[in-house]
file coords.csv (CSV, C-alpha atoms)
chain,number,residue,atom,x,y,z
A,1,MET,CA,90.3,111.8,110.7
A,2,THR,CA,89.2,109.5,108.0
A,3,THR,CA,90.3,110.7,104.5
A,4,SER,CA,88.3,110.0,101.4
A,5,PRO,CA,88.8,110.6,97.6
A,6,GLN,CA,86.3,113.5,98.0
A,7,PHE,CA,88.8,115.6,99.9
A,8,GLY,CA,90.9,118.1,98.0
A,9,PHE,CA,94.5,117.3,97.1
A,10,GLU,CA,96.1,119.4,99.8
A,11,THR,CA,93.9,117.9,102.5
A,12,LEU,CA,94.9,114.4,101.3
A,13,ALA,CA,98.6,115.3,101.2
A,14,ILE,CA,98.5,116.5,104.8
A,15,HIS,CA,96.2,113.9,106.4
A,16,ALA,CA,96.2,110.7,104.4
A,17,GLY,CA,98.4,108.2,106.3
A,18,ASN,CA,99.0,110.8,108.9
A,19,GLU,CA,96.6,109.7,111.7
A,20,PRO,CA,97.7,111.1,115.1
A,21,ASP,CA,99.7,108.6,117.1
A,22,PRO,CA,97.3,106.6,119.2
A,23,THR,CA,99.7,106.5,122.2
A,24,THR,CA,100.7,110.1,122.5
A,25,GLY,CA,98.5,112.0,120.1
A,26,ALA,CA,101.5,113.2,118.1
A,27,VAL,CA,100.3,114.8,114.9
A,28,VAL,CA,103.4,113.6,112.9
A,29,PRO,CA,103.8,109.9,112.4
A,30,PRO,CA,106.7,108.5,114.4
A,31,ILE,CA,109.9,107.2,112.8
A,32,TYR,CA,109.8,103.5,113.6
A,33,ALA,CA,113.5,102.7,113.6
A,34,THR,CA,113.1,99.0,114.2
A,35,SER,CA,114.0,96.0,112.1
A,36,THR,CA,111.7,93.5,113.9
A,37,TYR,CA,108.6,93.3,116.0
A,38,LYS,CA,107.5,91.3,119.1
A,39,GLN,CA,104.9,88.7,118.0
A,40,ASP,CA,101.9,87.9,120.1
A,41,GLY,CA,102.7,84.2,120.1
A,42,VAL,CA,104.2,82.2,117.2
A,43,GLY,CA,102.8,83.5,114.0
A,44,GLY,CA,100.7,86.1,115.9
A,45,LEU,CA,101.6,89.3,114.2
A,46,ARG,CA,100.7,92.5,115.9
A,47,ASN,CA,98.8,94.7,113.3
A,48,GLY,CA,100.5,92.6,110.6
A,49,TYR,CA,104.1,93.7,111.3
A,50,GLU,CA,106.9,91.1,111.6
A,51,TYR,CA,110.0,92.5,109.9
A,52,SER,CA,110.7,95.9,108.4
A,53,ARG,CA,111.6,94.7,104.9
A,54,SER,CA,108.1,93.4,104.7
A,55,ALA,CA,106.3,96.3,106.4
A,56,ASN,CA,107.2,99.2,108.6
A,57,PRO,CA,104.6,101.6,110.1
A,58,THR,CA,106.4,104.8,108.9
A,59,ARG,CA,106.6,103.3,105.4
A,60,SER,CA,102.9,102.2,105.6
A,61,ALA,CA,101.9,105.8,106.4
A,62,LEU,CA,103.8,107.0,103.3
A,63,GLU,CA,102.3,104.3,101.1
A,64,GLU,CA,98.8,105.2,102.2
A,65,CYS,CA,99.5,108.8,101.4
A,66,LEU,CA,100.9,108.0,98.0
A,67,ALA,CA,97.9,106.0,97.0
A,68,ALA,CA,95.6,108.8,98.1
A,69,ILE,CA,97.2,111.6,96.3
A,70,GLU,CA,97.6,109.6,93.0
A,71,ALA,CA,94.0,108.4,93.1
A,72,GLY,CA,95.2,104.8,93.4
A,73,THR,CA,94.2,102.0,95.8
A,74,ARG,CA,97.8,101.0,96.8
A,75,GLY,CA,101.1,102.6,97.0
A,76,PHE,CA,104.6,101.2,97.4
A,77,ALA,CA,107.7,103.0,98.6
A,78,PHE,CA,111.2,102.1,97.5
A,79,ALA,CA,114.8,103.0,98.1
A,80,SER,CA,115.0,104.9,94.8
A,81,GLY,CA,113.1,105.5,91.6
A,82,LEU,CA,115.2,103.0,89.8
A,83,ALA,CA,114.6,100.4,92.5
A,84,ALA,CA,110.9,100.9,92.0
A,85,GLU,CA,111.2,100.5,88.2
A,86,ASP,CA,113.3,97.4,88.5
A,87,THR,CA,110.9,95.8,91.0
A,88,LEU,CA,107.9,96.7,88.7
A,89,ILE,CA,109.4,95.1,85.6
A,90,ARG,CA,110.3,91.9,87.5
A,91,SER,CA,106.7,91.8,88.8
A,92,ILE,CA,104.9,92.1,85.5
A,93,CYS,CA,107.4,90.8,82.9
A,94,GLU,CA,109.2,87.5,82.1
A,95,PRO,CA,112.3,86.9,80.0
A,96,GLY,CA,111.3,87.2,76.4
A,97,ASP,CA,108.8,90.0,76.9
A,98,HIS,CA,108.9,93.3,75.1
A,99,VAL,CA,108.6,96.9,76.2
A,100,VAL,CA,107.8,100.0,74.2
A,101,PHE,CA,110.0,102.7,75.6
A,102,PRO,CA,110.1,106.5,75.1
A,103,ASP,CA,112.5,107.9,72.6
A,104,ASP,CA,113.1,110.7,75.1
A,105,ALA,CA,113.6,109.5,78.7
A,106,TYR,CA,115.7,109.7,81.8
A,107,GLY,CA,119.1,108.2,81.1
A,108,GLY,CA,119.1,106.1,84.3
A,109,THR,CA,115.8,104.4,83.2
A,110,PHE,CA,117.3,103.8,79.7
A,111,ARG,CA,120.4,102.3,81.3
A,112,LEU,CA,118.3,100.0,83.4
A,113,PHE,CA,116.5,98.6,80.4
A,114,SER,CA,119.3,98.5,77.9
A,115,LYS,CA,122.2,97.3,80.2
A,116,VAL,CA,120.5,95.4,83.0
A,117,LEU,CA,117.0,94.1,82.1
A,118,SER,CA,118.2,93.3,78.5
A,119,LYS,CA,120.5,90.6,80.1
A,120,TRP,CA,117.4,89.2,81.8
A,121,GLY,CA,115.7,88.8,78.4
A,122,ILE,CA,113.6,92.0,78.2
A,123,GLU,CA,113.6,93.6,74.8
A,124,MET,CA,112.9,97.3,74.3
A,125,THR,CA,111.8,99.4,71.3
A,126,PRO,CA,112.0,103.2,71.5
A,127,ALA,CA,109.0,105.1,70.1
A,128,ALA,CA,108.1,108.8,69.9
A,129,VAL,CA,105.7,109.5,72.8
A,130,THR,CA,104.2,112.4,70.9
A,131,HIS,CA,103.0,110.1,68.0
A,132,PRO,CA,100.5,107.5,69.0
A,133,GLU,CA,100.9,105.8,65.6
A,134,ALA,CA,104.6,105.3,66.3
A,135,ILE,CA,103.7,103.7,69.6
A,136,ARG,CA,101.1,101.5,67.9
A,137,ALA,CA,103.7,100.4,65.3
A,138,ALA,CA,106.2,99.5,68.0
A,139,ILE,CA,103.7,97.3,69.9
A,140,ARG,CA,104.0,93.6,69.2
A,141,PRO,CA,100.6,92.1,70.1
A,142,GLY,CA,101.0,89.2,72.5
A,143,VAL,CA,104.6,90.0,73.2
A,144,THR,CA,104.6,93.6,74.3
A,145,LYS,CA,103.7,93.6,78.0
A,146,VAL,CA,104.4,97.2,78.9
A,147,VAL,CA,104.1,100.6,77.2
A,148,TRP,CA,106.3,103.0,79.2
A,149,LEU,CA,105.8,106.7,79.2
A,150,GLU,CA,107.3,109.8,80.7
A,151,THR,CA,105.2,112.9,80.3
A,152,PRO,CA,106.6,115.5,80.2
A,153,THR,CA,109.7,113.7,79.2
A,154,ASN,CA,113.2,114.2,80.5
A,155,PRO,CA,114.9,116.3,79.2
A,156,LEU,CA,113.1,117.5,76.1
A,157,LEU,CA,109.7,118.1,77.8
A,158,ASN,CA,107.7,116.2,75.1
A,159,VAL,CA,104.1,115.4,76.1
A,160,ALA,CA,102.2,112.2,75.5
A,161,ASP,CA,98.4,111.9,75.5
A,162,ILE,CA,98.0,109.5,78.3
A,163,ALA,CA,94.4,108.5,77.6
A,164,ILE,CA,95.1,107.7,73.9
A,165,VAL,CA,98.2,105.7,74.7
A,166,ALA,CA,96.4,103.8,77.5
A,167,GLN,CA,93.8,102.7,74.9
A,168,LEU,CA,96.5,101.6,72.5
A,169,ALA,CA,98.3,99.6,75.2
A,170,HIS,CA,95.1,98.0,76.5
A,171,ASP,CA,93.9,97.0,73.0
A,172,ALA,CA,97.2,95.0,72.7
A,173,GLY,CA,96.9,93.4,76.1
A,174,ALA,CA,99.7,95.5,77.5
A,175,LEU,CA,100.0,97.7,80.7
A,176,LEU,CA,100.6,101.4,80.5
A,177,VAL,CA,103.2,102.7,83.0
A,178,VAL,CA,103.6,106.4,83.4
A,179,ASP,CA,106.6,108.1,85.1
A,180,ASN,CA,104.9,111.1,86.7
A,181,THR,CA,108.0,112.5,88.3
A,182,PHE,CA,108.2,115.8,86.4
A,183,ALA,CA,104.5,116.7,86.8
A,184,SER,CA,103.9,115.3,90.4
A,185,PRO,CA,100.5,114.1,91.4
A,186,TYR,CA,99.5,117.7,92.1
A,187,LEU,CA,99.7,118.6,88.4
A,188,GLN,CA,98.7,115.3,86.8
A,189,GLN,CA,97.1,112.0,87.8
A,190,PRO,CA,97.8,109.3,85.1
A,191,LEU,CA,95.6,106.6,86.8
A,192,GLU,CA,92.6,108.9,86.3
A,193,LEU,CA,93.5,109.0,82.6
A,194,GLY,CA,93.8,105.2,82.1
A,195,ALA,CA,97.3,104.3,83.2
A,196,ASP,CA,97.8,101.1,85.1
A,197,VAL,CA,100.9,102.0,87.1
A,198,VAL,CA,102.4,105.4,88.1
A,199,VAL,CA,106.1,105.6,88.8
A,200,HIS,CA,107.8,108.4,90.9
A,201,SER,CA,111.3,109.3,91.9
A,202,THR,CA,110.2,110.6,95.3
A,203,THR,CA,113.7,112.1,95.5
A,204,LYS,CA,112.4,114.9,93.3
A,205,TYR,CA,109.2,116.9,93.9
A,206,MET,CA,107.6,114.6,96.5
A,207,GLY,CA,110.5,114.9,98.9
A,208,GLY,CA,111.2,118.4,97.6
A,209,HIS,CA,114.2,119.4,99.7
A,210,SER,CA,117.1,117.5,98.1
A,211,ASP,CA,117.6,115.5,101.3
A,212,VAL,CA,116.3,112.1,100.5
A,213,VAL,CA,116.5,109.4,97.8
A,214,GLY,CA,113.4,107.3,97.2
A,215,GLY,CA,110.9,105.9,94.7
A,216,ALA,CA,107.3,104.9,94.5
A,217,LEU,CA,104.8,102.8,92.5
A,218,ILE,CA,101.0,103.4,92.7
A,219,VAL,CA,98.3,101.2,91.2
A,220,ARG,CA,94.5,100.7,91.3
A,221,ASP,CA,94.2,97.0,90.3
A,222,ALA,CA,94.2,94.6,93.3
A,223,GLY,CA,95.8,91.7,91.5
A,224,LEU,CA,98.6,93.9,90.2
A,225,ALA,CA,99.1,95.3,93.7
A,226,GLU,CA,99.6,91.8,95.1
A,227,LYS,CA,102.2,91.0,92.5
A,228,ILE,CA,104.1,94.2,93.3
A,229,ALA,CA,103.8,93.6,97.0
A,230,TYR,CA,105.2,90.1,96.7
A,231,HIS,CA,108.2,91.3,94.7
A,232,GLN,CA,108.8,94.4,96.9
A,233,ASN,CA,109.3,92.0,99.8
A,234,ALA,CA,111.2,89.4,97.8
A,235,ILE,CA,113.6,91.8,96.2
A,236,GLY,CA,113.8,94.1,99.3
A,237,ALA,CA,114.7,97.5,97.8
A,238,VAL,CA,112.4,99.2,100.2
A,239,ALA,CA,112.4,102.8,101.7
A,240,GLY,CA,113.9,103.0,105.1
A,241,PRO,CA,111.7,104.5,107.9
A,242,PHE,CA,113.7,107.8,108.1
A,243,ASP,CA,113.6,108.2,104.3
A,244,ALA,CA,109.8,107.4,104.3
A,245,TRP,CA,109.3,110.0,107.0
A,246,LEU,CA,111.2,112.7,105.0
A,247,VAL,CA,109.1,112.0,101.8
A,248,LEU,CA,105.9,112.1,103.9
A,249,ARG,CA,106.9,115.4,105.3
A,250,GLY,CA,107.7,116.8,101.8
A,251,ILE,CA,104.3,115.7,100.4
A,252,LYS,CA,102.5,118.0,102.9
A,253,THR,CA,103.7,121.1,101.1
A,254,LEU,CA,103.7,119.6,97.6
A,255,GLY,CA,100.8,121.7,96.4
A,256,VAL,CA,102.1,125.1,97.4
A,257,ARG,CA,105.6,124.3,96.2
A,258,MET,CA,104.4,123.2,92.8
A,259,ASP,CA,102.4,126.4,92.4
A,260,ARG,CA,105.5,128.4,93.2
A,261,HIS,CA,107.7,126.2,90.9
A,262,SER,CA,105.3,126.8,88.1
A,263,ASP,CA,105.0,130.6,88.8
A,264,ASN,CA,108.8,131.0,88.7
A,265,ALA,CA,109.2,128.7,85.6
A,266,GLU,CA,106.8,130.8,83.6
A,267,LYS,CA,108.8,133.9,84.3
A,268,VAL,CA,112.0,132.1,83.4
A,269,VAL,CA,110.5,131.0,80.2
A,270,GLU,CA,109.5,134.6,79.4
A,271,PHE,CA,113.1,135.7,80.0
A,272,LEU,CA,114.5,133.0,77.8
A,273,GLN,CA,112.2,133.7,74.9
A,274,ARG,CA,113.5,137.2,74.7
A,275,HIS,CA,117.2,136.3,75.0
A,276,LYS,CA,119.2,136.6,71.8
A,277,SER,CA,121.4,133.5,72.6
A,278,VAL,CA,118.4,131.2,73.0
A,279,THR,CA,117.3,129.3,69.9
A,280,SER,CA,114.4,127.4,71.4
A,281,VAL,CA,112.6,127.1,74.7
A,282,LEU,CA,111.2,123.6,75.6
A,283,TYR,CA,108.3,124.0,78.0
A,284,PRO,CA,104.8,122.7,77.7
A,285,GLY,CA,103.3,126.0,78.8
A,286,VAL,CA,104.5,127.8,75.7
A,287,ASP,CA,101.7,128.2,73.1
A,288,GLY,CA,103.9,127.1,70.3
A,289,HIS,CA,105.0,123.9,72.1
A,290,PRO,CA,103.7,120.8,70.1
A,291,GLY,CA,102.4,119.3,73.2
A,292,HIS,CA,100.8,122.4,74.7
A,293,GLU,CA,97.2,121.5,74.0
A,294,THR,CA,97.6,118.0,75.4
A,295,ALA,CA,99.4,119.2,78.5
A,296,ALA,CA,96.7,121.9,79.1
A,297,LYS,CA,94.1,119.1,78.9
A,298,GLN,CA,95.7,116.7,81.3
A,299,MET,CA,97.8,118.9,83.6
A,300,LYS,CA,96.8,121.4,86.2
A,301,ARG,CA,99.8,123.6,85.4
A,302,PHE,CA,103.0,123.1,83.5
A,303,GLY,CA,105.6,122.5,86.2
A,304,GLY,CA,109.0,123.7,87.1
A,305,ILE,CA,111.3,122.0,84.5
A,306,VAL,CA,112.5,124.2,81.6
A,307,SER,CA,115.0,123.2,78.9
A,308,PHE,CA,116.5,125.4,76.3
A,309,ARG,CA,119.0,125.4,73.5
A,310,VAL,CA,121.6,128.1,72.8
A,311,SER,CA,123.1,129.5,69.5
A,312,GLY,CA,126.7,129.0,70.6
A,313,GLY,CA,126.5,125.2,70.7
A,314,GLU,CA,127.8,122.8,73.3
A,315,GLN,CA,130.6,125.1,74.5
A,316,GLN,CA,128.2,128.0,75.3
A,317,ALA,CA,125.9,125.6,77.1
A,318,LEU,CA,128.8,124.4,79.2
A,319,ASP,CA,129.9,127.9,79.9
A,320,ILE,CA,126.5,129.0,81.1
A,321,CYS,CA,126.2,126.0,83.4
A,322,ASN,CA,129.6,126.7,84.9
A,323,LYS,CA,129.0,130.5,85.4
A,324,ALA,CA,125.7,130.3,87.2
A,325,GLU,CA,125.8,130.9,90.9
A,326,VAL,CA,122.3,131.1,92.3
A,327,TRP,CA,121.5,128.2,90.0
A,328,THR,CA,123.4,125.3,91.5
A,329,LEU,CA,125.2,123.1,89.0
A,330,GLY,CA,124.0,119.6,89.8
A,331,GLU,CA,122.0,116.6,88.8
A,332,SER,CA,118.5,115.8,90.1
A,333,LEU,CA,115.6,118.2,90.1
A,334,GLY,CA,112.4,119.1,92.0
A,335,GLY,CA,114.0,120.6,95.1
A,336,VAL,CA,113.3,124.0,96.6
A,337,GLU,CA,116.7,125.2,95.2
A,338,SER,CA,117.2,125.9,91.5
A,339,LEU,CA,119.5,123.6,89.6
A,340,ILE,CA,121.1,123.9,86.2
A,341,GLU,CA,122.7,121.1,84.3
A,342,HIS,CA,124.0,120.0,80.9
A,343,PRO,CA,122.1,116.8,80.1
A,344,GLY,CA,124.5,115.5,77.4
A,345,LYS,CA,127.4,115.5,79.9
A,346,MET,CA,125.5,114.8,83.1
A,347,THR,CA,122.1,113.0,83.5
A,348,HIS,CA,121.9,111.7,80.0
A,349,ALA,CA,125.5,110.7,79.3
A,350,SER,CA,124.4,107.1,79.3
A,351,VAL,CA,122.3,107.6,76.2
A,352,ALA,CA,125.2,109.0,74.0
A,353,GLY,CA,125.3,107.2,70.7
A,354,THR,CA,121.8,105.8,71.0
A,355,PRO,CA,118.4,107.0,69.6
A,356,LEU,CA,117.9,108.9,72.9
A,357,GLU,CA,121.0,111.0,72.6
A,358,VAL,CA,120.3,114.7,73.5
A,359,PRO,CA,121.6,117.8,71.8
A,360,GLY,CA,124.9,119.2,73.0
A,361,ASP,CA,123.5,122.7,73.0
A,362,LEU,CA,120.8,121.8,75.5
A,363,ILE,CA,120.5,123.1,79.1
A,364,ARG,CA,118.0,121.8,81.6
A,365,LEU,CA,116.7,124.0,84.5
A,366,SER,CA,114.9,122.8,87.6
A,367,VAL,CA,113.3,126.1,88.6
A,368,GLY,CA,113.2,126.4,92.4
A,369,ILE,CA,111.1,128.6,94.7
A,370,GLU,CA,113.7,131.4,95.4
A,371,THR,CA,112.9,135.0,94.7
A,372,VAL,CA,112.4,134.9,90.9
A,373,ASP,CA,114.2,138.2,90.2
A,374,ASP,CA,117.4,136.7,91.7
A,375,LEU,CA,117.1,133.7,89.4
A,376,LEU,CA,116.6,135.9,86.3
A,377,HIS,CA,119.5,138.2,87.2
A,378,ASP,CA,121.8,135.2,87.7
A,379,LEU,CA,120.8,133.7,84.3
A,380,GLU,CA,121.4,137.1,82.6
A,381,ARG,CA,124.9,137.2,84.1
A,382,ALA,CA,125.7,133.6,83.2
A,383,MET,CA,124.5,134.1,79.7
A,384,SER,CA,126.2,137.4,79.0
call {"tool": "encode", "arguments": {"input": "coords.csv", "output": "structure tokens"}}
result
Amino acid sequence: MTTSPQFGFETLAIHAGNEPDPTTGAVVPPIYATSTYKQDGVGGLRNGYEYSRSANPTRSALEECLAAIEAGTRGFAFASGLAAEDTLIRSICEPGDHVVFPDDAYGGTFRLFSKVLSKWGIEMTPAAVTHPEAIRAAIRPGVTKVVWLETPTNPLLNVADIAIVAQLAHDAGALLVVDNTFASPYLQQPLELGADVVVHSTTKYMGGHSDVVGGALIVRDAGLAEKIAYHQNAIGAVAGPFDAWLVLRGIKTLGVRMDRHSDNAEKVVEFLQRHKSVTSVLYPGVDGHPGHETAAKQMKRFGGIVSFRVSGGEQQALDICNKAEVWTLGESLGGVESLIEHPGKMTHASVAGTPLEVPGDLIRLSVGIETVDDLLHDLERAMS
């Protein structure tokens, strides 16, 4: 079956990169657990394969699927989301370049820029993703090479207008990079809105089952794709064949899972809005959320991540996290099981004392696909 952009999302998720095996007709791509390939004479590569750091058929299948579901021309699969981010920056930046960074972002990405890439000569300026003028003011024409966005952001669920920020970046000669992990390509497609690069932690919604670690980059521009391909091979932080296979399997059910995540999240939000201990609910689907209109414009639905703040401060937030049972206390997100965490002490501990520090009374939920009444009852018990 030849897939095309005219197919629906679920069709692409199931069929792109998933051609039946030509030898056996197997409908699931094989796991090519090989490091090297027999050549048809010196320099005669069979179908372009020579060494699995450079290319592997299972990874190639995933990369084809990634490009299709993100409306890109080329996808790249990595060993983790941070490996993808590091490879990207080394592909498009040089020492002395400048990056505009979100003032609310994943702590691991902030650590990569502030502790690792800064030593390589990359300078970073945080800016509020919700205020295009703040982004414009942070851009240094001729020096800023990248404007980096998360939308929705982690963990405060702020929303950026991708099309507006893309124009700002391009007017200054910079690239717009969008981390689309929270939304997934089912709910949002940044390349269609003007972004140059989409980043994913495929560990999260793409894999969807908390059994794999991976990352991805997707682009449209052929020249940019060639730069990334060169650095992917030169740096070598690639996805292994089994990990690629697990992500490819997860993508097949991404659409139906995201709908269930969103269904459950909406009911959790309704519960939290009524609870006496909750001072604010951070979710783009809430009418009063400052990014609601923008999210409604550029997202299909509002996703499965919900953050909220409690009246009892940090200690109450910690107590709720520790008392939950159906909600698993753990980092990460996007799996079929519901997770609860305290960002200030867990995923975002690395931003303590910086402009990205998160409130101590904040709890982040990754709403899974369990029976929603069980999730609500467990929250009620943990918050009592």
call {"tool": "closest_atom_pairs", "arguments": {"input": "coords.csv", "of": "region 82-191 of chain A", "to": "region 232-243 of chain A", "cutoff": "12 Å", "atoms": "all atoms listed in the file", "output": "JSON lines"}}
result
{"residue": "A:Leu82", "atom": "CA", "partner": "A:Ala237", "partner_atom": "CA", "distance": 9.7}
{"residue": "A:Ala83", "atom": "CA", "partner": "A:Ala237", "partner_atom": "CA", "distance": 6.0}
{"residue": "A:Ala84", "atom": "CA", "partner": "A:Ala237", "partner_atom": "CA", "distance": 7.7}
{"residue": "A:Glu85", "atom": "CA", "partner": "A:Ala237", "partner_atom": "CA", "distance": 10.6}
{"residue": "A:Asp86", "atom": "CA", "partner": "A:Ala237", "partner_atom": "CA", "distance": 9.4}
{"residue": "A:Thr87", "atom": "CA", "partner": "A:Gln232", "partner_atom": "CA", "distance": 6.4}
{"residue": "A:Leu88", "atom": "CA", "partner": "A:Gln232", "partner_atom": "CA", "distance": 8.6}
{"residue": "A:Ile89", "atom": "CA", "partner": "A:Gln232", "partner_atom": "CA", "distance": 11.3}
{"residue": "A:Arg90", "atom": "CA", "partner": "A:Ile235", "partner_atom": "CA", "distance": 9.3}
{"residue": "A:Ser91", "atom": "CA", "partner": "A:Gln232", "partner_atom": "CA", "distance": 8.8}
call {"tool": "closest_residue", "arguments": {"input": "coords.csv", "among": "A:Gly255, A:Gly43, A:Gly334, A:Pro29", "to": "Gly8 (chain A)", "atoms": "all atoms listed in the file"}}
result
A:Gly255
call {"tool": "atom_distance", "arguments": {"input": "coords.csv", "atom1": "CA of Ser52 (chain A)", "atom2": "CA of Ser210 (chain A)"}}
result
24.8 Å
call {"tool": "closest_residue", "arguments": {"input": "coords.csv", "among": "A:Pro20, A:Gly121, A:Gly173, A:Pro155", "to": "Pro141 (chain A)", "atoms": "all atoms listed in the file"}}
result
A:Gly173
call {"tool": "residues_around", "arguments": {"input": "coords.csv", "residues": "Lys300 (chain A)", "least_positions_apart": "2", "cutoff": "8 Å", "atoms": "only C-alpha atoms", "output": "number ranges by chain"}}
result
A: 186-188, 296, 298, 302
call {"tool": "write_last_selection", "arguments": {"input": "coords.csv", "atoms": "C-alpha atoms", "output": "PDB file, in the coordinates of the input"}}
result
ATOM      1  CA  TYR A 186      99.500 117.700  92.100  1.00  0.00           C
ATOM      2  CA  LEU A 187      99.700 118.600  88.400  1.00  0.00           C
ATOM      3  CA  GLN A 188      98.700 115.300  86.800  1.00  0.00           C
ATOM      4  CA  ALA A 296      96.700 121.900  79.100  1.00  0.00           C
ATOM      5  CA  GLN A 298      95.700 116.700  81.300  1.00  0.00           C
ATOM      6  CA  PHE A 302     103.000 123.100  83.500  1.00  0.00           C
TER       7      PHE A 302
END
call {"tool": "residues_around", "arguments": {"input": "coords.csv", "residues": "Val27 (chain A)", "least_positions_apart": "4", "cutoff": "10 Å", "atoms": "all atoms listed in the file", "output": "MDAnalysis selection string"}}
result
chainID A and resid 15 18:22
call {"tool": "atom_distance", "arguments": {"input": "coords.csv", "atom1": "CA of Gln189 (chain A)", "atom2": "CA of Val212 (chain A)"}}
result
23.0 Å
call {"tool": "atom_distance", "arguments": {"input": "coords.csv", "atom1": "CA of Glu370 (chain A)", "atom2": "CA of Arg274 (chain A)"}}
result
21.5 Å
call {"tool": "residues_around", "arguments": {"input": "coords.csv", "residues": "region 259-263 of chain A", "least_positions_apart": "3", "cutoff": "6 Å", "atoms": "only C-alpha atoms", "output": "list in words"}}
result
Val256, Glu266, Gly303, Gly304, Gly368 and Ile369 of chain A
